[in-house]
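Data file: data30.cif. Format and content: mmCIF, C-alpha atoms.
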data_start
loop_
_atom_site.label_atom_id
_atom_site.label_comp_id
_atom_site.auth_asym_id
_atom_site.auth_seq_id
_atom_site.Cartn_x
_atom_site.Cartn_y
_atom_site.Cartn_z
CA MET D 1 0.00 0.00 0.00
CA GLU D 2 1.45 3.32 -1.10
CA LEU D 3 0.88 6.27 1.23
CA ASN D 4 1.82 9.88 0.78
CA VAL D 5 4.30 11.33 3.24
CA THR D 6 1.72 13.06 5.45
CA GLN D 7 -0.44 9.93 5.71
CA ALA D 8 2.54 7.75 6.65
CA PHE D 9 3.79 10.38 9.11
CA SER D 10 0.37 10.62 10.78
CA ILE D 11 0.08 6.84 11.15
CA VAL D 12 3.54 6.54 12.71
CA LEU D 13 2.89 9.41 15.12
CA LEU D 14 -0.54 8.02 16.03
CA ILE D 15 1.06 4.75 17.13
CA LEU D 16 3.76 6.57 19.14
CA ALA D 17 1.14 8.86 20.72
CA VAL D 18 -1.09 5.94 21.72
CA GLY D 19 1.91 4.28 23.36
CA GLU D 20 2.65 7.44 25.32
CA LEU D 21 -0.98 7.90 26.41
CA VAL D 22 -1.24 4.29 27.62
CA SER D 23 1.99 4.75 29.58
CA MET D 24 0.64 7.92 31.20
CA LYS D 25 -2.70 6.32 32.07
CA THR D 26 -1.04 3.25 33.61
CA LYS D 27 1.65 5.31 35.39
CA ALA D 28 4.32 3.58 33.26
CA MET D 29 3.19 0.10 34.35
CA ILE D 30 2.89 -0.47 30.60
CA PRO D 31 5.76 1.48 29.03
CA SER D 32 5.13 3.46 25.86
CA VAL D 33 7.85 1.69 23.90
CA PHE D 34 6.22 -1.67 24.63
CA VAL D 35 2.76 -0.49 23.54
CA SER D 36 4.14 1.11 20.38
CA ALA D 37 6.13 -2.01 19.52
CA VAL D 38 3.03 -4.21 19.89
CA LEU D 39 0.94 -1.85 17.75
CA PHE D 40 3.60 -1.71 15.03
CA ILE D 41 4.00 -5.47 14.85
CA ILE D 42 0.22 -6.01 14.70
CA GLY D 43 0.04 -3.33 12.02
CA PHE D 44 2.80 -4.94 9.96
CA TRP D 45 1.00 -8.30 10.20
CA THR D 46 -2.30 -6.77 9.04
CA ILE D 47 -2.72 -3.47 7.22
CA LEU D 48 0.50 -1.42 7.49
CA PRO D 49 3.02 -1.47 4.64
CA GLY D 50 6.42 -2.72 5.82
CA ASP D 51 8.06 0.54 4.78
CA VAL D 52 5.57 2.89 6.45
CA VAL D 53 8.36 4.47 8.53
CA ALA D 54 10.48 5.11 5.43
CA GLN D 55 7.41 6.50 3.64
CA SER D 56 6.93 8.94 6.54
CA SER D 57 10.36 10.43 5.62
CA PHE D 58 12.17 8.92 8.64
CA ALA D 59 14.85 7.38 6.43
CA LYS D 60 18.49 6.63 7.19
CA PRO D 61 20.16 10.02 6.47
CA VAL D 62 17.93 11.92 8.88
CA VAL D 63 18.03 9.00 11.35
CA TYR D 64 21.81 9.04 11.51
CA LEU D 65 21.85 12.82 11.82
CA SER D 66 19.35 12.51 14.68
CA MET D 67 21.52 9.91 16.40
CA TYR D 68 24.67 12.04 16.13
CA LEU D 69 22.92 15.14 17.47
CA LEU D 70 21.05 13.28 20.23
CA LEU D 71 24.14 11.52 21.54
CA THR D 72 26.15 14.73 21.51
CA HIS D 73 23.24 16.31 23.40
CA MET D 74 23.27 13.42 25.91
CA GLY D 75 26.88 14.29 26.66
CA THR D 76 25.75 17.78 27.70
CA LEU D 77 23.62 16.17 30.44
CA MET D 78 26.72 14.89 32.27
CA SER D 79 29.81 16.52 33.66
CA LEU D 80 33.26 15.01 33.11
CA LYS D 81 33.47 14.18 36.80
CA GLU D 82 30.13 12.39 36.65
CA LEU D 83 31.09 10.41 33.55
CA LEU D 84 34.35 9.21 35.10
CA SER D 85 32.49 8.23 38.27
CA GLN D 86 30.39 5.74 36.29
CA TRP D 87 33.10 3.04 36.18
CA LYS D 88 31.00 0.88 38.51
CA THR D 89 28.14 1.10 36.03
CA VAL D 90 30.44 -0.14 33.26
CA VAL D 91 31.51 -3.13 35.36
CA ILE D 92 27.89 -3.99 36.22
CA ALA D 93 26.86 -3.77 32.54
CA LEU D 94 29.75 -6.00 31.48
CA GLY D 95 28.92 -8.41 34.29
CA GLY D 96 25.39 -8.69 32.96
CA ILE D 97 26.73 -9.63 29.53
CA VAL D 98 28.99 -12.26 31.09
CA GLY D 99 25.89 -13.67 32.82
CA ILE D 100 24.11 -13.92 29.46
CA ILE D 101 27.03 -15.76 27.85
CA ILE D 102 27.50 -18.20 30.73
CA LEU D 103 23.92 -19.47 30.70
CA THR D 104 23.38 -19.47 26.93
CA LEU D 105 26.62 -21.33 26.15
CA THR D 106 26.06 -23.92 28.88
CA ILE D 107 22.38 -24.68 29.53
CA GLY D 108 21.37 -23.06 26.24
CA ASN D 109 23.79 -25.25 24.31
CA LEU D 110 22.31 -28.40 25.87
CA LEU D 111 18.72 -27.34 25.15
CA PHE D 112 18.93 -25.60 21.77
CA GLY D 113 22.19 -26.59 20.10
CA TRP D 114 25.51 -24.87 19.52
CA GLU D 115 24.70 -23.05 16.27
CA ASN D 116 21.48 -21.56 17.70
CA VAL D 117 23.10 -20.17 20.85
CA VAL D 118 26.21 -18.90 19.07
CA ALA D 119 24.09 -16.99 16.52
CA ALA D 120 21.57 -15.66 19.05
CA THR D 121 23.81 -14.64 21.96
CA PRO D 122 25.60 -11.59 20.42
CA PRO D 123 22.33 -9.89 19.34
CA LEU D 124 20.99 -10.53 22.85
CA THR D 125 24.00 -8.73 24.34
CA GLY D 126 23.47 -5.67 22.20
CA GLY D 127 22.07 -4.05 19.12
CA VAL D 128 21.66 -4.14 15.39
CA VAL D 129 25.37 -4.40 14.46
CA ALA D 130 25.75 -7.69 16.33
CA SER D 131 22.55 -8.96 14.72
CA ILE D 132 23.77 -8.09 11.22
CA LEU D 133 27.17 -9.71 11.80
CA MET D 134 25.69 -12.99 13.02
CA SER D 135 22.84 -13.22 10.50
CA THR D 136 25.25 -12.50 7.63
CA ALA D 137 27.73 -15.11 8.86
CA ALA D 138 24.96 -17.71 9.22
CA ALA D 139 23.56 -16.95 5.75
CA GLU D 140 27.01 -17.31 4.18
CA ARG D 141 27.24 -20.79 5.70
CA GLY D 142 23.84 -21.73 4.31
CA LEU D 143 22.20 -21.72 7.76
CA THR D 144 18.99 -19.92 6.77
CA SER D 145 16.94 -20.58 9.91
CA ILE D 146 19.94 -19.62 12.08
CA ALA D 147 20.25 -16.33 10.18
CA VAL D 148 16.55 -15.67 10.79
CA LEU D 149 17.05 -16.43 14.50
CA ALA D 150 19.83 -13.81 14.77
CA THR D 151 17.58 -11.19 13.15
CA ALA D 152 14.52 -12.13 15.22
CA MET D 153 16.54 -11.95 18.45
CA TYR D 154 17.32 -8.28 17.84
CA VAL D 155 13.70 -7.54 16.90
CA ILE D 156 11.94 -9.40 19.72
CA GLN D 157 14.16 -9.00 22.79
CA GLY D 158 12.80 -5.53 23.53
CA PHE D 159 9.37 -7.04 24.27
CA PHE D 160 10.98 -8.63 27.34
CA GLY D 161 13.28 -5.72 28.17
CA TYR D 162 10.76 -2.87 28.12
CA PRO D 163 8.26 -4.03 30.79
CA ILE D 164 10.89 -5.58 33.08
CA THR D 165 13.05 -2.45 33.04
CA SER D 166 10.04 -0.20 33.54
CA PHE D 167 9.00 -2.18 36.62
CA LEU D 168 12.51 -2.09 38.10
CA LEU D 169 13.11 1.60 37.37
CA LYS D 170 9.79 2.56 38.93
CA LYS D 171 10.82 0.80 42.15
CA GLU D 172 14.19 2.56 42.06
CA ALA D 173 12.56 5.95 41.37
CA ASN D 174 10.18 5.42 44.28
CA ARG D 175 13.13 4.67 46.56
CA LEU D 176 14.93 7.82 45.43
CA ALA D 177 11.80 9.94 45.76
CA ASP D 178 11.32 8.64 49.33
CA LYS D 179 14.80 9.93 50.20
CA VAL D 180 13.72 13.43 49.18
CA ARG D 181 10.37 13.10 51.00
CA ASN D 182 12.04 11.87 54.20
CA GLY D 183 14.60 14.66 54.19
CA GLU D 184 17.61 12.36 53.57
CA ILE D 185 18.36 14.41 50.46
CA GLU D 186 17.83 18.15 50.60
CA ILE D 187 17.32 19.96 47.32
CA ASN D 188 18.03 23.66 47.71
CA LYS D 189 19.24 26.62 45.70
CA SER D 190 22.58 26.91 47.42
CA GLU D 191 23.40 23.30 46.54
CA ALA D 192 22.51 23.94 42.91
CA SER D 193 24.70 27.04 42.79
CA GLU D 194 27.65 25.09 44.23
CA VAL D 195 27.32 22.50 41.48
CA LYS D 196 27.13 25.21 38.84
CA GLU D 197 30.21 26.94 40.27
CA GLU D 198 32.18 23.67 40.28
CA GLU D 199 31.28 22.98 36.66
CA SER D 200 32.17 26.51 35.53
CA SER D 201 35.79 26.03 36.69
CA PHE D 202 36.41 23.91 33.57
CA ARG D 203 35.24 26.63 31.20
CA ILE D 204 37.62 28.17 28.71
CA ILE D 205 34.84 29.66 26.55
CA PRO D 206 32.57 32.27 28.13
CA PRO D 207 28.84 31.45 28.10
CA LEU D 208 26.88 32.65 25.09
CA PRO D 209 24.35 35.36 26.04
CA GLU D 210 20.91 33.81 26.31
CA LYS D 211 19.43 36.00 23.55
CA TYR D 212 21.86 34.38 21.09
CA GLN D 213 21.01 30.82 22.18
CA THR D 214 18.63 30.35 19.27
CA THR D 215 17.61 27.11 17.59
CA TYR D 216 19.97 27.70 14.66
CA VAL D 217 22.95 28.61 16.81
CA ILE D 218 22.57 25.67 19.20
CA LEU D 219 22.05 23.16 16.37
CA PHE D 220 25.06 24.61 14.54
CA LYS D 221 27.29 24.10 17.57
CA LEU D 222 25.98 20.56 18.13
CA GLY D 223 26.60 19.83 14.46
CA ILE D 224 30.19 21.06 14.71
CA VAL D 225 30.88 18.83 17.73
CA ALA D 226 29.14 15.85 16.11
CA ALA D 227 31.18 16.33 12.91
CA LEU D 228 34.42 16.44 14.92
CA SER D 229 33.31 13.28 16.75
CA VAL D 230 32.68 11.35 13.53
CA ALA D 231 36.04 12.50 12.13
CA ALA D 232 37.90 11.60 15.34
CA ALA D 233 36.30 8.16 15.85
CA PRO D 234 38.61 6.25 13.43
CA ILE D 235 41.67 7.97 14.89
CA LEU D 236 40.63 7.09 18.45
CA HIS D 237 39.55 3.57 17.38
CA LEU D 238 36.20 4.09 19.09
CA ASN D 239 32.62 3.80 17.91
CA GLU D 240 31.52 7.17 16.50
CA PHE D 241 28.39 7.21 18.69
CA VAL D 242 30.51 6.80 21.82
CA VAL D 243 32.77 9.63 20.68
CA CYS D 244 29.73 11.87 20.10
CA MET D 245 28.73 11.46 23.74
CA LEU D 246 32.30 11.96 25.01
CA PHE D 247 32.76 15.10 22.90
CA GLY D 248 29.36 16.32 24.10
CA VAL D 249 30.62 16.08 27.69
CA ILE D 250 33.83 17.92 26.77
CA GLY D 251 31.91 20.54 24.78
CA ARG D 252 29.77 21.32 27.79
CA GLU D 253 32.75 21.33 30.18
CA ILE D 254 34.71 23.88 28.15
CA GLY D 255 31.63 26.06 27.66
CA PHE D 256 31.14 25.58 23.90
CA LEU D 257 27.86 23.64 24.30
CA GLU D 258 24.94 24.57 26.51
CA GLU D 259 23.65 22.10 29.08
CA LYS D 260 20.55 20.24 27.74
CA ALA D 261 21.35 21.74 24.34
CA LEU D 262 18.59 20.14 22.25
CA VAL D 263 15.96 20.94 24.88
CA LYS D 264 16.96 24.61 24.76
CA SER D 265 16.82 24.57 20.96
CA GLY D 266 13.33 23.07 21.00
CA SER D 267 14.49 20.18 18.80
CA PHE D 268 14.77 17.28 21.23
CA GLY D 269 11.22 15.96 20.90
CA PHE D 270 11.28 15.74 17.10
CA LEU D 271 14.71 14.08 16.93
CA ILE D 272 13.77 11.44 19.51
CA THR D 273 10.61 10.78 17.50
CA VAL D 274 12.67 10.18 14.35
CA LEU D 275 14.88 7.70 16.17
CA MET D 276 12.07 5.78 17.86
CA ALA D 277 10.15 5.46 14.59
CA PHE D 278 13.24 4.05 12.88
CA ILE D 279 13.79 1.49 15.64
CA PHE D 280 10.22 0.21 15.34
CA ALA D 281 10.65 -0.09 11.57
CA GLY D 282 12.78 -3.17 12.27
CA LEU D 283 9.68 -5.01 13.49
CA SER D 284 8.52 -5.34 9.88
CA ASP D 285 11.03 -8.21 9.54
CA ALA D 286 9.37 -10.25 12.29
CA THR D 287 6.79 -12.13 10.23
CA PRO D 288 4.50 -14.73 11.87
CA GLU D 289 6.22 -17.42 9.78
CA MET D 290 9.63 -16.35 11.06
CA LEU D 291 8.55 -16.41 14.68
CA THR D 292 6.82 -19.78 14.33
CA GLU D 293 9.91 -21.34 12.81
CA ILE D 294 12.33 -20.31 15.52
CA ALA D 295 10.01 -19.64 18.50
CA VAL D 296 11.38 -22.26 20.90
CA PRO D 297 15.10 -21.38 20.70
CA LEU D 298 14.28 -17.65 20.42
CA PHE D 299 12.24 -17.36 23.60
CA GLY D 300 14.27 -20.00 25.44
CA ILE D 301 17.56 -18.20 24.83
CA ILE D 302 16.05 -14.84 25.80
CA ILE D 303 14.77 -16.24 29.12
CA LEU D 304 18.09 -17.93 29.87
CA GLY D 305 20.08 -14.83 28.92
CA ILE D 306 17.97 -12.50 31.04
CA SER D 307 18.24 -14.87 34.01
CA GLY D 308 22.04 -14.97 33.79
CA MET D 309 22.19 -11.22 33.26
CA ALA D 310 20.02 -10.47 36.29
CA LEU D 311 21.91 -12.81 38.60
CA VAL D 312 25.44 -11.60 37.80
CA SER D 313 24.59 -7.88 37.57
CA ALA D 314 22.69 -7.97 40.88
CA LEU D 315 25.62 -9.65 42.64
CA ILE D 316 28.16 -7.16 41.28
CA GLY D 317 25.84 -4.24 41.99
CA LYS D 318 25.39 -5.35 45.60
CA ALA D 319 29.17 -5.35 46.05
CA PHE D 320 29.26 -1.77 44.71
CA GLY D 321 26.36 -0.54 46.84
CA TYR D 322 23.80 -0.38 44.00
CA THR D 323 20.28 -1.69 44.50
CA LYS D 324 19.35 -4.85 42.59
CA GLU D 325 16.72 -2.84 40.70
CA MET D 326 19.29 -0.34 39.43
CA SER D 327 21.90 -3.00 38.71
CA ILE D 328 19.59 -5.22 36.67
CA SER D 329 18.19 -2.18 34.82
CA ILE D 330 21.73 -1.18 33.82
CA ALA D 331 22.37 -4.66 32.43
CA MET D 332 18.97 -4.77 30.72
CA THR D 333 20.01 -1.88 28.46
CA ALA D 334 21.64 -4.60 26.35
CA LEU D 335 18.15 -5.56 25.17
CA TYR D 336 17.30 -2.20 23.61
CA GLY D 337 20.02 0.47 24.01
CA PHE D 338 19.42 4.11 23.15
CA PRO D 339 16.91 5.83 23.01
CA PRO D 340 14.55 3.37 24.80
CA ASN D 341 16.84 3.48 27.87
CA TYR D 342 16.31 7.25 28.01
CA ILE D 343 12.54 7.06 27.52
CA LEU D 344 12.04 4.26 30.06
CA THR D 345 14.02 6.22 32.66
CA ILE D 346 12.09 9.45 32.12
CA GLU D 347 8.69 7.70 32.13
CA SER D 348 9.48 5.72 35.27
CA ALA D 349 10.69 8.81 37.13
CA ARG D 350 7.65 10.80 36.05
CA ALA D 351 5.25 8.06 37.18
CA SER D 352 6.92 7.53 40.56
CA THR D 353 7.48 11.09 41.78
CA LYS D 354 5.12 13.78 43.05
CA ASN D 355 6.99 17.02 42.42
CA ASP D 356 9.83 18.53 40.41
CA ASP D 357 12.45 18.05 43.13
CA GLU D 358 11.73 14.32 43.44
CA TYR D 359 11.60 13.89 39.68
CA GLN D 360 14.86 15.73 39.03
CA TYR D 361 16.70 13.85 41.77
CA ALA D 362 15.48 10.48 40.44
CA VAL D 363 16.44 11.38 36.85
CA ASP D 364 19.85 12.72 37.89
CA GLU D 365 20.60 9.48 39.76
CA MET D 366 19.25 6.99 37.20
CA LEU D 367 19.75 8.51 33.76
CA PRO D 368 23.59 8.71 33.65
CA LYS D 369 23.76 5.06 34.75
CA MET D 370 21.25 3.96 32.10
CA LEU D 371 23.00 5.93 29.34
CA VAL D 372 26.45 4.64 30.23
CA GLY D 373 25.04 1.11 30.60
CA GLY D 374 23.54 1.30 27.12
CA PHE D 375 26.79 2.43 25.53
CA THR D 376 28.75 -0.27 27.35
CA THR D 377 26.48 -3.11 26.25
CA VAL D 378 25.03 -2.17 22.87
CA THR D 379 27.63 0.12 21.35
CA ILE D 380 30.86 -1.45 22.58
CA ALA D 381 30.64 -4.93 24.09
CA SER D 382 28.12 -6.48 21.69
CA VAL D 383 30.21 -5.64 18.61
CA ILE D 384 33.36 -7.14 20.16
CA ILE D 385 31.44 -10.26 21.22
CA ALA D 386 29.86 -10.66 17.77
CA GLY D 387 33.29 -10.43 16.11
CA PHE D 388 34.48 -13.29 18.31
CA PHE D 389 31.32 -15.41 18.03
CA VAL D 390 31.34 -15.26 14.20
CA LYS D 391 34.44 -17.47 14.36
CA LEU D 392 32.61 -19.99 16.56
CA LEU D 393 29.67 -20.46 14.20
#
Take the structure in the file and give it back as structure tokens.
Amino acid sequence: MELNVTQAFSIVLLILAVGELVSMKTKAMIPSVFVSAVLFIIGFWTILPGDVVAQSSFAKPVVYLSMYLLLTHMGTLMSLKELLSQWKTVVIALGGIVGIIILTLTIGNLLFGWENVVAATPPLTGGVVASILMSTAAAERGLTSIAVLATAMYVIQGFFGYPITSFLLKKEANRLADKVRNGEIEINKSEASEVKEEESSFRIIPPLPEKYQTTYVILFKLGIVAALSVAAAPILHLNEFVVCMLFGVIGREIGFLEEKALVKSGSFGFLITVLMAFIFAGLSDATPEMLTEIAVPLFGIIILGISGMALVSALIGKAFGYTKEMSISIAMTALYGFPPNYILTIESARASTKNDDEYQYAVDEMLPKMLVGGFTTVTIASVIIAGFFVKLL
């Protein structure tokens, strides 16, 4: 079915809006990303054309631009000190991945066979790159159903990750909000000014007067930093998305970028919409026939992987003083990455807090951990693991 761009755009936004409304009505008990994913997959199985997202103009060039700008923006949400302090988060995230591998390659191997678990484990530890590497390797060896399994793992794992993470983050946000309510954490203006003063000591560029902080100017500066990040990534031998976030942090520290840059420019909402629509476009590959063919190993490996992930991450988190809810949530970012990790965090904090102070404290505590966790699992570890597992297939 051929739609014009406005029709396709309206359909995509209707699905995203319904997901958001359901999340608000259920106080994030049913997260918006889960609802939207279900609606998209039902639509693809019935009346929606498989390329409805592309027809709505959310195609790859604008998607990649959105990703570069959003990740650079995410860097402006964290200070350098805060980023460096997240080493425990990195260890917890990596521990979760180790937990996945241990259970899938042992019990999973006995239940589902070596080729199935080798092809499905890397996509379960991260994102689309790992899925592409494993499905391509399986197809080259003539293992058609194994290639389908690797693709389906990437597409389906979020259905498990979204509701579980939402439940855990809501409990964590409630705990953090209680600390504010009970007076354990005092939010006051003097504390905020101290933080601002500490951050300003890294500045080498004076702040831009507010009247010049227009949409064009802010987007221009983000674009410059994103372009430098993409150019520097091969030199630094790092993923370009990771470099975007790191350069975003540095840009804010030296005063070139404003804090919460995309929010100030009024562009954040649209760019996150572009990215979410593109992610859901991948569900068009999950046909009923595909899922029927590989249902048992698919769901079995997901359940085993999540069990191993939860166990190991919770144990490491306990040693570091993190709650089990926060630790498992960090590890669960492997199942969806960015931007769902951002949206789930914001929705959970909004649903579990009663005022701006509680909300801001919960977001400030949870969001850096969830963002760093997502980069550790999806952007870095999963690609390395997939490169190794290709040789085992």
Taking all atoms listed in the file into account, produce a table as a tab-separated table in which each residue of segment 126-158 of chain D with an atom at most 9 Å from an atom of segment 280-304 of chain D appears once, together with its shortest atom pair and the distance in Å to one decimal, ordered by chain and rising number.
residue	atom	partner	partner_atom	distance
D:Ser145	CA	D:Ile294	CA	7.3
D:Ile146	CA	D:Ile294	CA	8.4
D:Val148	CA	D:Met290	CA	7.0
D:Leu149	CA	D:Ile294	CA	6.2
D:Ala150	CA	D:Leu298	CA	8.8
D:Thr151	CA	D:Asp285	CA	8.1
D:Ala152	CA	D:Ala286	CA	6.2
D:Met153	CA	D:Leu298	CA	6.4
D:Tyr154	CA	D:Gly282	CA	8.8
D:Val155	CA	D:Leu283	CA	5.8
D:Ile156	CA	D:Ala286	CA	7.9
D:Gln157	CA	D:Ile302	CA	6.8
May I have the selected residues written with C-alpha atoms, as a compact mmCIF listing (two decimals), keeping the file's coordinate frame?
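As written to disk, again35.txt reads:
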# COMPACT_ATOMS: atom_id res chain seq x y z
CA SER D 145 16.94 -20.58 9.91
CA ILE D 146 19.94 -19.62 12.08
CA VAL D 148 16.55 -15.67 10.79
CA LEU D 149 17.05 -16.43 14.50
CA ALA D 150 19.83 -13.81 14.77
CA THR D 151 17.58 -11.19 13.15
CA ALA D 152 14.52 -12.13 15.22
CA MET D 153 16.54 -11.95 18.45
CA TYR D 154 17.32 -8.28 17.84
CA VAL D 155 13.70 -7.54 16.90
CA ILE D 156 11.94 -9.40 19.72
CA GLN D 157 14.16 -9.00 22.79
Using all atoms listed in the file, what table do you get, as a Markdown table, when you list each residue of segment 160-250 of chain D with an atom no more than 9 Å from segment 59-68 of chain D, its nearest pair of atoms, and their distance in Å rounded to one decimal, rows by chain then rising number?
| residue | atom | partner | partner_atom | distance |
| --- | --- | --- | --- | --- |
| D:Leu222 | CA | D:Tyr68 | CA | 8.8 |
| D:Gly223 | CA | D:Tyr68 | CA | 8.2 |
| D:Ala226 | CA | D:Tyr68 | CA | 5.9 |
| D:Ala227 | CA | D:Tyr68 | CA | 8.4 |
| D:Ser229 | CA | D:Tyr68 | CA | 8.8 |
| D:Val230 | CA | D:Tyr68 | CA | 8.4 |
| D:Glu240 | CA | D:Tyr68 | CA | 8.4 |
| D:Phe241 | CA | D:Tyr68 | CA | 6.6 |
| D:Cys244 | CA | D:Tyr68 | CA | 6.4 |
| D:Met245 | CA | D:Tyr68 | CA | 8.6 |
**Q.** Hits of the PyMOL selection byres ((chain D and resi 268-279) around 10) in this structure, as a VMD selection string
**A.** chain D and resid 9 12 to 13 15 to 16 33 36 to 37 40 52 to 54 56 to 60 62 to 67 69 to 70 73 128 155 260 to 267 280 to 283 336 338 to 340 342 to 343
Q: Take the PyMOL selection byres ((chain D and resi 35) around 10), apply it to the structure above, and return the hits as a ChimeraX atom specification.
A: /D:15-23,30-34,36-40,159,162-163
Q. Smallest atom-to-atom distance to Thr125 of chain D: which of D:Ile97, D:Met366, D:Leu315, D:Leu103, using only C-alpha atoms?
A.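 Among the listed residues, the smallest separation from Thr125 of chain D belongs to D:Ile97.
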Q. Just so the selection is clear, what residues does the PyMOL selection byres ((chain D and resi 130) around 10) cover here, as a VMD selection string?
A. chain D and resid 119 to 129 131 to 136 150 to 151 154 378 to 379 381 to 387 389 to 390
Q) Which of these, D:Leu392, D:Glu186, D:Lys88, D:Val118, has the shortest distance to Gly321 of chain D once you count only C-alpha atoms? A) D:Lys88
Q) With all atoms listed in the file as the atoms that count, which of D:Leu393, D:Tyr361, D:Gly308, D:Phe320 lies nearest to Trp87 of chain D? A)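 Result for the nearest residue to Trp87 of chain D: D:Phe320.
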Would you mind putting all heavy atoms back on segment 255-261 of chain D and writing the result as a short mmCIF file (atom, residue, chain, number, x, y, z; two decimals), in the coordinates of the input?
data_model
loop_
_atom_site.label_atom_id
_atom_site.label_comp_id
_atom_site.auth_asym_id
_atom_site.auth_seq_id
_atom_site.Cartn_x
_atom_site.Cartn_y
_atom_site.Cartn_z
N GLY D 255 32.52 24.92 27.84
CA GLY D 255 31.63 26.06 27.66
C GLY D 255 31.15 26.28 26.23
O GLY D 255 30.41 27.23 25.97
N PHE D 256 31.57 25.40 25.29
CA PHE D 256 31.14 25.58 23.90
C PHE D 256 29.67 25.18 23.71
O PHE D 256 28.93 25.82 22.95
CB PHE D 256 32.03 24.76 22.96
CG PHE D 256 31.68 24.92 21.50
CD1 PHE D 256 31.92 26.12 20.85
CD2 PHE D 256 31.11 23.87 20.78
CE1 PHE D 256 31.60 26.28 19.50
CE2 PHE D 256 30.78 24.02 19.45
CZ PHE D 256 31.02 25.23 18.80
N LEU D 257 29.24 24.11 24.40
CA LEU D 257 27.86 23.64 24.30
C LEU D 257 27.09 23.99 25.56
O LEU D 257 27.64 23.95 26.67
CB LEU D 257 27.82 22.13 24.09
CG LEU D 257 28.39 21.58 22.78
CD1 LEU D 257 28.33 20.06 22.77
CD2 LEU D 257 27.64 22.15 21.58
N GLU D 258 25.82 24.31 25.37
CA GLU D 258 24.94 24.57 26.51
C GLU D 258 24.50 23.25 27.12
O GLU D 258 24.38 22.24 26.43
CB GLU D 258 23.70 25.36 26.07
CG GLU D 258 23.99 26.81 25.70
CD GLU D 258 24.64 26.96 24.34
OE1 GLU D 258 24.47 26.04 23.50
OE2 GLU D 258 25.33 27.98 24.13
N GLU D 259 24.24 23.27 28.43
CA GLU D 259 23.65 22.10 29.08
C GLU D 259 22.24 21.88 28.52
O GLU D 259 21.51 22.83 28.26
CB GLU D 259 23.59 22.33 30.60
CG GLU D 259 23.09 21.13 31.38
CD GLU D 259 23.04 21.38 32.87
OE1 GLU D 259 23.45 22.50 33.30
OE2 GLU D 259 22.61 20.48 33.61
N LYS D 260 21.86 20.60 28.31
CA LYS D 260 20.55 20.24 27.74
C LYS D 260 20.33 21.00 26.43
O LYS D 260 19.28 21.62 26.20
CB LYS D 260 19.43 20.55 28.73
CG LYS D 260 19.56 19.82 30.06
CD LYS D 260 18.45 20.19 31.01
CE LYS D 260 18.61 19.46 32.35
NZ LYS D 260 17.56 19.86 33.32
N ALA D 261 21.32 20.91 25.55
CA ALA D 261 21.35 21.74 24.34
C ALA D 261 20.11 21.58 23.46
O ALA D 261 19.49 22.58 23.06
CB ALA D 261 22.61 21.42 23.53
#
